[in-house]
Number of protein chains: 2
Amino acid sequence: MSDRKEFRDLASPEAAREAIDSLDLSPAPETVPLEDARGRVLAERVDAAIDVPGFDRASMDGYAVRARDTFGADEVDPAELDLVGAVHAGAAPDVTVEPGTCAEISTGAVMPDGADAVVMVERTDEVGGGPDDGDPDDERSEPDRIAVRTAVAPGDHVMSAGADIAAGARALGPGTRLTPREIGLLSALGVDEVPVRGRPRVGIVSTGDELVRPGDELDPSRGEIYDVNSTTIAAGVEEAGGEPVLYPHAGDDYDEMERLLRRAADECDLVCSSGSTSASAVDVIYRVIEERGDLLLHGVAVKPGKPMLIGRLDRREDEDASPGGSAYVGLPGYPVSALTIFRTFVAPAIREAAGQPEPATATVEGRMAVGERYGEGRMRLMPVGLLDLNDGDLPLVYPVDKGSGATTSLVEADGVVAVDPDTEYLDRGERVSVQLFSPDVRPPTLLGVGEDDPALNRLLDRLENPRYLPVGSREGLRRLRDGVPDVAVVAGPSDREVDAVDLGGWTREWGLVVPEGNPDGVTGLGDLVDGDLRFVNRPSDAGLRRSLDDALGDLAADRDASRGDLAGRIDGYELTVRAFESPVRKVIAGDADAGLGLRETADRLGCGFVSLGEQSVVVRAAPDRVERDAVAELADALEDLDAAAGGDIDGLADLIDDLAGYSRNSRNDP
Amino acid sequence: MSDRKEFRDLASPEAAREAIDSLDLSPAPETVPLEDARGRVLAERVDAAIDVPGFDRASMDGYAVRARDTFGADEVDPAELDLVGAVHAGAAPDVTVEPGTCAEISTGAVMPDGADAVVMVERTDEVGGGPDDGDPDDERSEPDRIAVRTAVAPGDHVMSAGADIAAGARALGPGTRLTPREIGLLSALGVDEVPVRGRPRVGIVSTGDELVRPGDELDPSRGEIYDVNSTTIAAGVEEAGGEPVLYPHAGDDYDEMERLLRRAADECDLVCSSGSTSASAVDVIYRVIEERGDLLLHGVAVKPGKPMLIGRLDRREDEDASPGGSAYVGLPGYPVSALTIFRTFVAPAIREAAGQPEPATATVEGRMAVGERYGEGRMRLMPVGLLDLNDGDLPLVYPVDKGSGATTSLVEADGVVAVDPDTEYLDRGERVSVQLFSPDVRPPTLLGVGEDDPALNRLLDRLENPRYLPVGSREGLRRLRDGVPDVAVVAGPSDREVDAVDLGGWTREWGLVVPEGNPDGVTGLGDLVDGDLRFVNRPSDAGLRRSLDDALGDLAADRDASRGDLAGRIDGYELTVRAFESPVRKVIAGDADAGLGLRETADRLGCGFVSLGEQSVVVRAAPDRVERDAVAELADALEDLDAAAGGDIDGLADLIDDLAGYSRNSRNDP
């Protein structure tokens with residue numbers, strides 16, 4: 001297939017880490033304005049260049065005195081001092097406190113010459129001066145003497161110059177991460193520019209003719225897909241303290257790829273390529289690295305990540321370019337694999353180069369919710385979801401295995417568990433460490449599974465951070481029985497007996513969605529069986545499909561035929577599409593004459609609709625989860641829904657009232 | 001003093017929270033480009049607008065087949081199919097797979113018409129075509145038949161259109177915080193602009209004639225200090241998910257302040273004023289709020305925070321301004337108080353308005369390292385430091401009470417403990433919750449106390465995240481004995497008996513620092529006693545002072561006088577300044593003729609030096625902390641130092657070798 005060497009022995013994950021550590025990603029330190037310094041890391045120690053405060057400072061409102069003049073003073077026998085002036089914050093004192101005198105002073109003001117202590121205003125009385133008639137708008141004449149009713153010691157209520165921090169003292173050490181408080185101390189020292197560790201520049205080059213940038217036009221018929229990895233990795237780089245640089249797509253063309261990789265190497269500390277899963281694109285990168293750099297490692301004994309490349313890319317040799325080379329890491333093409341490998345191997349190197357510590361929230365401990373068998377002789381980075389039952393025990397951890405090609409695994413999993421090559425089985429209840437995809441990942445409060453439904457989508461919007469996996473009613477019930485999710489949402493009839501508590505639900509009208517105006521004059525299922533209409537179905541896990549099959553069974557009984565026979569006569573009965581809206585879209589696109597769907601969707605998307613009945617949608621909770629806050633919150637929302645359908649609660653009525661074919665469910669009417 | 005109302009009853013902290021909650025800080029949602037969306041919060045649900053993938057997609061490299069054609073095929077009896085073409089990723093298929101045929105297909109490519117499964121290339125053989133002579137550079141002619149050595153079912157190694165996520169399906173709910181993975185899913189959906197919650201704009205107005213922006217020239221003789229609160233609060237606003245807007249300083253002028261506050265109210269969702277502790281500045285703000293807004297609350301029964309103001313500021317009434325008003329919170333003037341009140345009352349409101357959850361790391365549990373008495377009838381937000389001994393128990397928590405005016409408390413404390421008004425005593429060992437000043441605060445790994453010293457500063461730079469409190473040798477030993485710090489650094493002679501383990505140290509030359517060239521011809525202490533030189537001393541906690549007093553004692557013995565008598569004859573003996581560099585700076589400034597200091601400092605700052613001796617600096621560890629990693633690391637660094645002074649280790653020699661008057665310490669020579 002290509003001229004690349006075949007690496008027979010995959011490197012160990014440790015060897016991959018060492019290879020990355022051997023590369024130098026560290027950028028030069030830089031100086032940033034203080035207002036941009038939050039989150040950055042000090043490159044060097046900062047010593048105080050000035051005393052703080054820069055002067056002997058009054059720390060109370062009151063009178064600046066010579067402490068000796070107050071010795072022996074108390075409530076009974078106050079010391080009377082001549083008032084010789086006043087000093088306010090932000091002004092130079094224009095008085096000297098001679099023996100027997102005092103000066104009014106504000107908090108923060110400079111102690112006048114002669115004074116060595118402050119008496120709080122509360123411990124003094126004004127003596128003499130004009131009358132205080134109690135009218136606050138009147139200007140009173142100044143008193144000329146002050147009675148001090150307490151003794152003070154030298155230094156009382158005075159912060160001496162440098163007492164907070166003195167010039168020459170160590171203020172902040174190198175490696176200090178700058179949070180608001182450090183910015184506060186730097187401000188106090190008058191520092192407005194801060195020497196910080198540089199943020200490694202990470203160039204992101206995506207390969208593959210099939211990739212299109214989000215926002216651009218997509219042509220699925222050419223196999224085009226949106227580029228997921230560039231933006232995901234860019235966000236990951238930013239999060240790790242690096243500065244991402246996105247390069248234009250290179251396609252699979254060798255010259256273009258070489259040009260791009262070399263430009264990225266010139267401009268960046270690290271280049272990550274990612275994007276394509278196609279062998280030809282990988283081949284092109286492989287050749288560029290071999291010819292224009294060093295390949296340190298190809299292939300790591302970790303799943304996913306086998307195709308990982310680690311190396312160095314040469315820089316230009318003219319005088320403008322920085323010397324040496326740029327580090328290079330080639331990430332797998334599938335998004336979950338790319339993010340997993342990035343998080344496990346690359347992000348730590350970026351953080352290290354940026355001087356940033358690994359966030360405390362990057363890893364959480366959990367316990368396996370199910371047993372998981374494994375054994376491939378290489379480390380597995382297993383994508384898992386988390387659910388914290390808040391029962392005092394560790395959060396539940398369950399594997400998410402939708403295949404590495406699924407981008408939805410990005411949000412259905414919360415991180416990965418590194419399973420050792422020697423581990424063949426993880427027991428239910430076993431303690432595991434989950435490396436979160438991001439330190440900012442918040443595991444969901446509620447895990448639901450089951451049917452997809454537009455009213456359910458709105459209901460979920462009202463909950464805080466739920467996770468819902470639209471696996472269909474049948475699969476949802478199976479999972480509920482197996483004990484991981486909190487609730488399953490079940491539409492239509494069910495043959496699974498599962499011990500569960502019904503929390504409520506609604507009813508939805510289902511049938512055949514046809515083009516606007518029903519051009520084929522479809523009236524019911526018989527037309528699908530007897531005519532030559534192209535139909536599009538839902539998979540057998542969907543509740544809609546169960547209702548369709550039941551209706552087909554009824555028709556078969558009427559006709560004295562078998563259901564299978566009738567199904568075999570429907571063109572497209574085996575053609576199933578994923579979600580409740582999918583058949584309708586096929587109809588709209590002209591790829592089908594009728595599709596299984598909801599009145600709601602037909603109405604909303606401007607199609608015709610032939611009703612075949614109503615089915616209930618019921619939210620069923622695992623009995624041991626009913627007391628959980630998040631489940632109770634869901635139950636409350638469903639009760640509001642019942643009330644809303646009754647018209648009592650205004651704000652909630654919109655949940656189903658404007659959904660065509662929807663009505664309140666009676667709990668006794670499945 | 002002013003015309004403001006006196007609020008006799010302070011509001012409860014709960015009332016303050018309610019008052020802030022009653023204000024509306026929520027900005028309008030906005031749309032941001034995907035690349036700027038990390039960390040933002042979705043304002044509304046995002047449904048998939050397209051199927052992902054948008055086509056039936058090969059998930060393996062291999063051959064696209066009709067599954068039926070492979071039924072029964074195995075290693076022994078492969079099925080042979082005509083190869084009719086090839087489909088690559090990013091290209092539209094130009095073949096149709098008829099019965100008995102197949103097409104080469106790459107991972108990610110569109111399934112050609114007719115095909116319903118992919119056979120992995122590993123389970124096939126090429127049959128016919130030109131010879132493969134093993135030279136990889138040769139173009140081989142295409143084979144014309146493919147032997148398939150396995151049976152596949154329809155759908156095998158094919159990801160059907162919409163199987164990942166289908167158009168119309170709920171992708172991400174409102175309130176979702178966007179981390180790299182969510183950005184990945186949005187990219188897969190082609191979303192390049194994201195509807196997010198707005199970031200509340202928070203105007204920061206600082207008051208007080210004495211405040212100067214960091215970077216500007218400071219005149220301490222006028223009582224000027226750098227503005228700490230504006231930058232600190234701005235960083236805190238940013239951290240909480242808001243957008244800070246810094247307004248120019250207003251001073252204490254009513255008209256200017258009114259103009260600024262109204263401009264801030266027009267432009268922001270919330271205005272915070274902060275900065276001055278002076279009563280006149282507070283009065284000005286108070287009047288503006290009363291006249292141009294609503295005052296909801298003045299004064300909260302919390303220490304610090306009594307002067308807190310909560311209210312609303314009117315906006316302009318012309319048509320360009322947003323309707324209504326801006327929220328207003330007046331923060332205390334002292335930096336630690338301002339950050340504490342901000343963190344406790346304001347940051348949660350900003351996060352709420354931004355839709356951001358409180359970070360998991362915002363609060364940590366700890367145990368009191370010492371008992372603490374309290375009882376003022378109002379809640380106390382007590383600044384505390386943390387030290388995690390990593391002994392399996394909760395981190396130690398110790399009060400940091402340097403007075404609220406100290407900006408160094410910002411970095412010497414890690415957060416605050418809210419002590420209930422009814423709590424009169426916190427026991428040693430009692431469990432407390434520490435609200436960190438920032439979720440990014442990392443408590444130190446090592447806590448040291450004691451003498452300040454330039455070599456020590458360098459040593460600290462080599463450790464990861466140490467905290468060192470330069471409280472002087474004496475106070476350091478006292479604290480070590482009381483059990484909180486790991487180590488104390490002691491210079492000179494000591495009269496405290498403390499059970500401690502010496503980890504090593506060095507020796508430094510001390511004496512009198514005089515102006516360059518020693519213009520007064522100082523030769524020793526006698527000149528201070530007998531002449532009229534102005535001296536500047538260090539406080540009695542400093543090890544340097546102990547050595548000076550011992551030398552003065554020796555001189556007194558020589559002269560048959562008392563030490564106190566000689567001390568009384570030194571002009572400035574009682575004038576003590578904070579840090580090892582401070583006396584030297586007084587000499588340079590011309591405020592003193594001689595200062596107590598180190599040869600190192602005199603040399604470095606270009607002064608003359610009269611040596612009075614050498615003193616040892618010893619790092620002493622609490623016996624129960626010696627095994628801690630951070631202490632062991634420090635001990636190692638000190639051993640390296642010993643080696644370095646001996647000239648053996650090159651890289652470490654710079655720690656003391658270029659410090660004038662420094663030498664290796666013998667551990668037996670205190």
# chains A, B, ... in the order shown; residues from 1 in each chain; ligands from 1
$ select_by_dssp --residues "range 44-87 of chain A" --states "helix (DSSP H, G or I)" --output "PyMOL selection string"
chain A and resi 67-70
$ closest_residue --among "B:Thr31, B:Ser562, B:Ser611, B:Asn537" --to "Val577 in chain B" --atoms "only C-alpha atoms"
B:Asn537
$ closest_residue --among "B:Gly511, B:Pro244, B:Gly173, B:Gly606" --to "chain A" --atoms "only C-alpha atoms"
B:Gly173
$ atom_distance --atom1 "CA of Arg259 in chain A" --atom2 "CA of Gly241 in chain A"
27.0 Å
$ residues_around --residues "Tyr662 in chain B" --least-positions-apart "3" --cutoff "8 Å" --atoms "only C-alpha atoms" --output "list in words"
Trp506, Thr507, Arg508, Glu509, Glu600, Ile656, Asp657 and Leu659 of chain B
$ select_by_dssp --residues "range 343-574 of chain B" --states "strand (DSSP E or B)" --output "VMD selection string"
chain B and resid 363 to 368 372 to 373 379 to 387 396 to 399 415 to 419 425 to 426 431 to 436 446 to 450 466 to 469 487 to 491 501 to 514 534 to 537 571
$ residues_around --residues "range 495-504 of chain B" --least-positions-apart "6" --cutoff "7 Å" --atoms "only C-alpha atoms" --output "list of chain:residue names"
B:Leu477, B:Arg481, B:Val618, B:Val619, B:Arg620, B:Ala621, B:Ala622, B:Pro623, B:Ala635, B:Leu638, B:Arg667
$ closest_residue --among "A:Ala67, A:Ala11, A:Val84, A:Ile20" --to "Thr344 in chain A" --atoms "only C-alpha atoms"
A:Ile20
$ residues_around --residues "Val194 in chain B" --least-positions-apart "3" --cutoff "7 Å" --atoms "only C-alpha atoms" --output "list of chain:residue names"
B:Thr31, B:Val32, B:Pro33, B:Leu34
$ closest_residue --among "B:Ser160, B:Thr70, B:Ser547, B:Thr340" --to "Gly405 in chain A" --atoms "only C-alpha atoms"
B:Ser160
$ residues_around --residues "Pro332 in chain A" --least-positions-apart "3" --cutoff "9 Å" --atoms "only C-alpha atoms" --output "list in words"
Ser273, Ser274, Gly275, Ser276, Thr277, Pro304, Gly305, Lys306, Pro307, Met308, Leu309, Pro335, Val336, Ser337, Ala338, Leu339 and Ile341 of chain A
$ write_last_selection --atoms "N, CA and C atoms" --output "CSV table (one decimal), in the first residue's frame"
chain,number,residue,atom,x,y,z
A,273,SER,N,-1.1,16.7,14.1
A,273,SER,CA,-2.0,16.5,12.9
A,273,SER,C,-3.0,15.5,13.3
A,274,SER,N,-4.1,15.6,12.7
A,274,SER,CA,-5.3,14.9,13.1
A,274,SER,C,-6.4,15.1,12.1
A,275,GLY,N,-7.3,14.2,12.1
A,275,GLY,CA,-8.5,14.4,11.2
A,275,GLY,C,-8.8,13.2,10.4
A,276,SER,N,-8.0,12.8,9.5
A,276,SER,CA,-8.4,11.8,8.6
A,276,SER,C,-8.1,10.4,9.2
A,277,THR,N,-8.9,9.5,8.9
A,277,THR,CA,-8.7,8.1,9.2
A,277,THR,C,-8.2,7.4,8.0
A,304,PRO,N,-7.6,3.3,22.1
A,304,PRO,CA,-7.2,3.6,20.8
A,304,PRO,C,-5.8,4.3,20.8
A,305,GLY,N,-5.2,4.4,19.7
A,305,GLY,CA,-3.9,5.2,19.6
A,305,GLY,C,-2.8,4.4,18.9
A,306,LYS,N,-3.2,3.2,18.4
A,306,LYS,CA,-2.2,2.5,17.7
A,306,LYS,C,-1.5,3.3,16.6
A,307,PRO,N,-2.3,4.1,15.8
A,307,PRO,CA,-1.6,4.9,14.7
A,307,PRO,C,-0.9,6.1,15.2
A,308,MET,N,-0.7,6.3,16.5
A,308,MET,CA,0.0,7.5,16.9
A,308,MET,C,1.4,7.7,16.4
A,309,LEU,N,1.8,8.9,16.0
A,309,LEU,CA,3.2,9.2,15.6
A,309,LEU,C,3.8,10.2,16.5
A,335,PRO,N,-12.7,11.1,16.5
A,335,PRO,CA,-12.7,12.1,17.5
A,335,PRO,C,-12.5,11.7,18.9
A,336,VAL,N,-13.2,10.6,19.3
A,336,VAL,CA,-13.0,10.2,20.7
A,336,VAL,C,-11.6,9.7,20.9
A,337,SER,N,-11.0,9.0,19.9
A,337,SER,CA,-9.7,8.5,20.0
A,337,SER,C,-8.7,9.7,20.0
A,338,ALA,N,-8.9,10.6,19.2
A,338,ALA,CA,-8.0,11.8,19.1
A,338,ALA,C,-8.0,12.5,20.5
A,339,LEU,N,-9.2,12.8,21.0
A,339,LEU,CA,-9.3,13.5,22.3
A,339,LEU,C,-8.7,12.7,23.4
A,341,ILE,N,-6.2,10.4,23.2
A,341,ILE,CA,-4.8,10.4,23.1
A,341,ILE,C,-4.2,11.8,23.4
$ residues_around --residues "range 110-120 of chain A" --least-positions-apart "4" --cutoff "10 Å" --atoms "only C-alpha atoms" --output "PyMOL selection string"
(chain A and resi 53-68+70+85-99+101-106+124+148-161) or (chain B and resi 220-224)
$ write_last_selection --atoms "C-alpha atoms" --output "PDB file, in the first residue's frame"
ATOM      1  CA  PRO A  53       2.829  50.802  52.575  1.00  0.00           C
ATOM      2  CA  GLY A  54       5.337  53.343  51.385  1.00  0.00           C
ATOM      3  CA  PHE A  55       4.861  55.473  54.482  1.00  0.00           C
ATOM      4  CA  ASP A  56       3.757  55.173  58.104  1.00  0.00           C
ATOM      5  CA  ARG A  57       0.054  54.881  57.623  1.00  0.00           C
ATOM      6  CA  ALA A  58      -2.866  55.543  59.953  1.00  0.00           C
ATOM      7  CA  SER A  59      -5.054  52.463  60.136  1.00  0.00           C
ATOM      8  CA  MET A  60      -7.954  54.171  61.919  1.00  0.00           C
ATOM      9  CA  ASP A  61      -9.829  57.432  61.699  1.00  0.00           C
ATOM     10  CA  GLY A  62      -8.812  59.511  64.724  1.00  0.00           C
ATOM     11  CA  TYR A  63      -6.015  61.719  65.964  1.00  0.00           C
ATOM     12  CA  ALA A  64      -2.298  61.391  65.356  1.00  0.00           C
ATOM     13  CA  VAL A  65      -0.494  61.880  68.644  1.00  0.00           C
ATOM     14  CA  ARG A  66       2.812  61.414  70.391  1.00  0.00           C
ATOM     15  CA  ALA A  67       2.061  58.273  72.409  1.00  0.00           C
ATOM     16  CA  ARG A  68       3.995  59.663  75.381  1.00  0.00           C
ATOM     17  CA  THR A  70      -1.357  59.965  76.307  1.00  0.00           C
ATOM     18  CA  GLY A  85      -4.406  70.468  61.824  1.00  0.00           C
ATOM     19  CA  ALA A  86      -5.685  67.541  59.799  1.00  0.00           C
ATOM     20  CA  VAL A  87      -4.217  64.958  57.416  1.00  0.00           C
ATOM     21  CA  HIS A  88      -6.331  63.152  54.846  1.00  0.00           C
ATOM     22  CA  ALA A  89      -5.643  60.107  52.707  1.00  0.00           C
ATOM     23  CA  GLY A  90      -3.887  61.026  49.492  1.00  0.00           C
ATOM     24  CA  ALA A  91      -2.459  64.281  50.810  1.00  0.00           C
ATOM     25  CA  ALA A  92       0.935  65.205  52.219  1.00  0.00           C
ATOM     26  CA  PRO A  93       0.745  66.249  55.901  1.00  0.00           C
ATOM     27  CA  ASP A  94       1.250  69.967  56.365  1.00  0.00           C
ATOM     28  CA  VAL A  95       1.505  69.821  60.138  1.00  0.00           C
ATOM     29  CA  THR A  96       4.020  68.605  62.677  1.00  0.00           C
ATOM     30  CA  VAL A  97       2.786  67.068  65.903  1.00  0.00           C
ATOM     31  CA  GLU A  98       4.822  68.703  68.641  1.00  0.00           C
ATOM     32  CA  PRO A  99       4.555  67.568  72.268  1.00  0.00           C
ATOM     33  CA  THR A 101      -0.539  68.562  70.220  1.00  0.00           C
ATOM     34  CA  CYS A 102      -2.416  66.260  67.887  1.00  0.00           C
ATOM     35  CA  ALA A 103      -3.721  66.253  64.316  1.00  0.00           C
ATOM     36  CA  GLU A 104      -6.944  64.826  62.964  1.00  0.00           C
ATOM     37  CA  ILE A 105      -6.108  61.913  60.698  1.00  0.00           C
ATOM     38  CA  SER A 106      -8.069  59.686  58.285  1.00  0.00           C
ATOM     39  CA  THR A 124     -11.798  61.149  72.021  1.00  0.00           C
ATOM     40  CA  VAL A 148      -8.039  61.717  74.637  1.00  0.00           C
ATOM     41  CA  ARG A 149      -9.707  59.163  76.902  1.00  0.00           C
ATOM     42  CA  THR A 150      -7.198  56.347  76.532  1.00  0.00           C
ATOM     43  CA  ALA A 151      -3.460  55.732  76.581  1.00  0.00           C
ATOM     44  CA  VAL A 152      -1.820  54.473  73.405  1.00  0.00           C
ATOM     45  CA  ALA A 153       1.595  52.944  72.843  1.00  0.00           C
ATOM     46  CA  PRO A 154       3.984  54.011  70.058  1.00  0.00           C
ATOM     47  CA  GLY A 155       2.836  52.315  66.851  1.00  0.00           C
ATOM     48  CA  ASP A 156      -0.784  51.835  67.913  1.00  0.00           C
ATOM     49  CA  HIS A 157      -3.136  52.025  64.900  1.00  0.00           C
ATOM     50  CA  VAL A 158      -0.178  52.810  62.663  1.00  0.00           C
ATOM     51  CA  MET A 159       1.023  50.478  59.923  1.00  0.00           C
ATOM     52  CA  SER A 160       4.681  51.351  59.549  1.00  0.00           C
ATOM     53  CA  ALA A 161       6.302  51.709  56.149  1.00  0.00           C
TER      54      ALA A 161
ATOM     55  CA  PRO B 220       4.326  57.910  49.215  1.00  0.00           C
ATOM     56  CA  SER B 221       4.926  61.277  50.878  1.00  0.00           C
ATOM     57  CA  ARG B 222       1.390  62.219  49.806  1.00  0.00           C
ATOM     58  CA  GLY B 223       0.097  58.946  51.226  1.00  0.00           C
ATOM     59  CA  GLU B 224      -0.431  57.438  47.810  1.00  0.00           C
TER      60      GLU B 224
END
$ atom_distance --atom1 "CA of Pro519 in chain B" --atom2 "CA of Gly572 in chain B"
18.7 Å
$ atom_distance --atom1 "CA of Glu217 in chain A" --atom2 "CA of Asp51 in chain B"
13.9 Å
$ decode --residues "range 395-451 of chain A" --atoms "C-alpha atoms" --output "PDB file, in the first residue's frame"
ATOM      1  CA  PRO A 395     -19.851   7.593  41.408  1.00  0.00           C
ATOM      2  CA  LEU A 396     -20.943   4.786  39.111  1.00  0.00           C
ATOM      3  CA  VAL A 397     -18.739   4.188  36.070  1.00  0.00           C
ATOM      4  CA  TYR A 398     -20.131   2.461  32.995  1.00  0.00           C
ATOM      5  CA  PRO A 399     -18.434   1.753  29.664  1.00  0.00           C
ATOM      6  CA  VAL A 400     -19.633   3.714  26.634  1.00  0.00           C
ATOM      7  CA  ASP A 401     -18.915   1.738  23.552  1.00  0.00           C
ATOM      8  CA  LYS A 402     -20.499   3.144  20.454  1.00  0.00           C
ATOM      9  CA  GLY A 403     -17.432   2.506  18.295  1.00  0.00           C
ATOM     10  CA  SER A 404     -14.680   5.033  18.038  1.00  0.00           C
ATOM     11  CA  GLY A 405     -16.253   6.619  14.973  1.00  0.00           C
ATOM     12  CA  ALA A 406     -19.167   8.018  16.976  1.00  0.00           C
ATOM     13  CA  THR A 407     -18.817  11.698  17.810  1.00  0.00           C
ATOM     14  CA  THR A 408     -21.707  11.422  20.270  1.00  0.00           C
ATOM     15  CA  SER A 409     -19.437   9.332  22.498  1.00  0.00           C
ATOM     16  CA  LEU A 410     -17.712  12.640  23.185  1.00  0.00           C
ATOM     17  CA  VAL A 411     -20.676  13.749  25.251  1.00  0.00           C
ATOM     18  CA  GLU A 412     -22.083  10.359  26.268  1.00  0.00           C
ATOM     19  CA  ALA A 413     -18.800   9.449  27.925  1.00  0.00           C
ATOM     20  CA  ASP A 414     -17.162  11.683  30.530  1.00  0.00           C
ATOM     21  CA  GLY A 415     -13.649  10.347  30.306  1.00  0.00           C
ATOM     22  CA  VAL A 416     -11.615   7.204  30.049  1.00  0.00           C
ATOM     23  CA  VAL A 417     -10.433   4.467  32.372  1.00  0.00           C
ATOM     24  CA  ALA A 418      -6.934   3.206  31.618  1.00  0.00           C
ATOM     25  CA  VAL A 419      -7.234  -0.571  31.749  1.00  0.00           C
ATOM     26  CA  ASP A 420      -3.901  -2.301  32.174  1.00  0.00           C
ATOM     27  CA  PRO A 421      -2.919  -4.847  29.491  1.00  0.00           C
ATOM     28  CA  ASP A 422      -2.869  -7.542  32.167  1.00  0.00           C
ATOM     29  CA  THR A 423      -6.382  -6.821  33.376  1.00  0.00           C
ATOM     30  CA  GLU A 424      -8.822  -9.256  31.821  1.00  0.00           C
ATOM     31  CA  TYR A 425     -11.856  -8.392  33.818  1.00  0.00           C
ATOM     32  CA  LEU A 426     -13.099  -5.389  35.739  1.00  0.00           C
ATOM     33  CA  ASP A 427     -15.579  -6.500  38.363  1.00  0.00           C
ATOM     34  CA  ARG A 428     -18.803  -4.753  39.101  1.00  0.00           C
ATOM     35  CA  GLY A 429     -18.093  -2.479  42.071  1.00  0.00           C
ATOM     36  CA  GLU A 430     -14.343  -2.353  41.374  1.00  0.00           C
ATOM     37  CA  ARG A 431     -12.722   0.989  42.054  1.00  0.00           C
ATOM     38  CA  VAL A 432     -11.338   2.784  38.994  1.00  0.00           C
ATOM     39  CA  SER A 433      -9.852   6.189  38.203  1.00  0.00           C
ATOM     40  CA  VAL A 434     -11.581   8.119  35.463  1.00  0.00           C
ATOM     41  CA  GLN A 435      -9.468  10.613  33.527  1.00  0.00           C
ATOM     42  CA  LEU A 436     -12.074  13.173  32.560  1.00  0.00           C
ATOM     43  CA  PHE A 437     -12.040  14.513  29.004  1.00  0.00           C
ATOM     44  CA  SER A 438     -11.661  17.940  30.574  1.00  0.00           C
ATOM     45  CA  PRO A 439     -11.209  19.210  34.130  1.00  0.00           C
ATOM     46  CA  ASP A 440     -14.410  21.145  33.475  1.00  0.00           C
ATOM     47  CA  VAL A 441     -16.469  18.055  32.686  1.00  0.00           C
ATOM     48  CA  ARG A 442     -19.413  17.797  35.045  1.00  0.00           C
ATOM     49  CA  PRO A 443     -20.914  14.321  35.182  1.00  0.00           C
ATOM     50  CA  PRO A 444     -24.683  14.382  34.746  1.00  0.00           C
ATOM     51  CA  THR A 445     -27.104  14.534  37.658  1.00  0.00           C
ATOM     52  CA  LEU A 446     -29.536  12.091  36.024  1.00  0.00           C
ATOM     53  CA  LEU A 447     -29.112   9.291  33.525  1.00  0.00           C
ATOM     54  CA  GLY A 448     -32.061   8.479  31.299  1.00  0.00           C
ATOM     55  CA  VAL A 449     -32.376   6.043  28.423  1.00  0.00           C
ATOM     56  CA  GLY A 450     -35.098   5.042  25.998  1.00  0.00           C
ATOM     57  CA  GLU A 451     -37.376   6.472  23.351  1.00  0.00           C
TER      58      GLU A 451
END
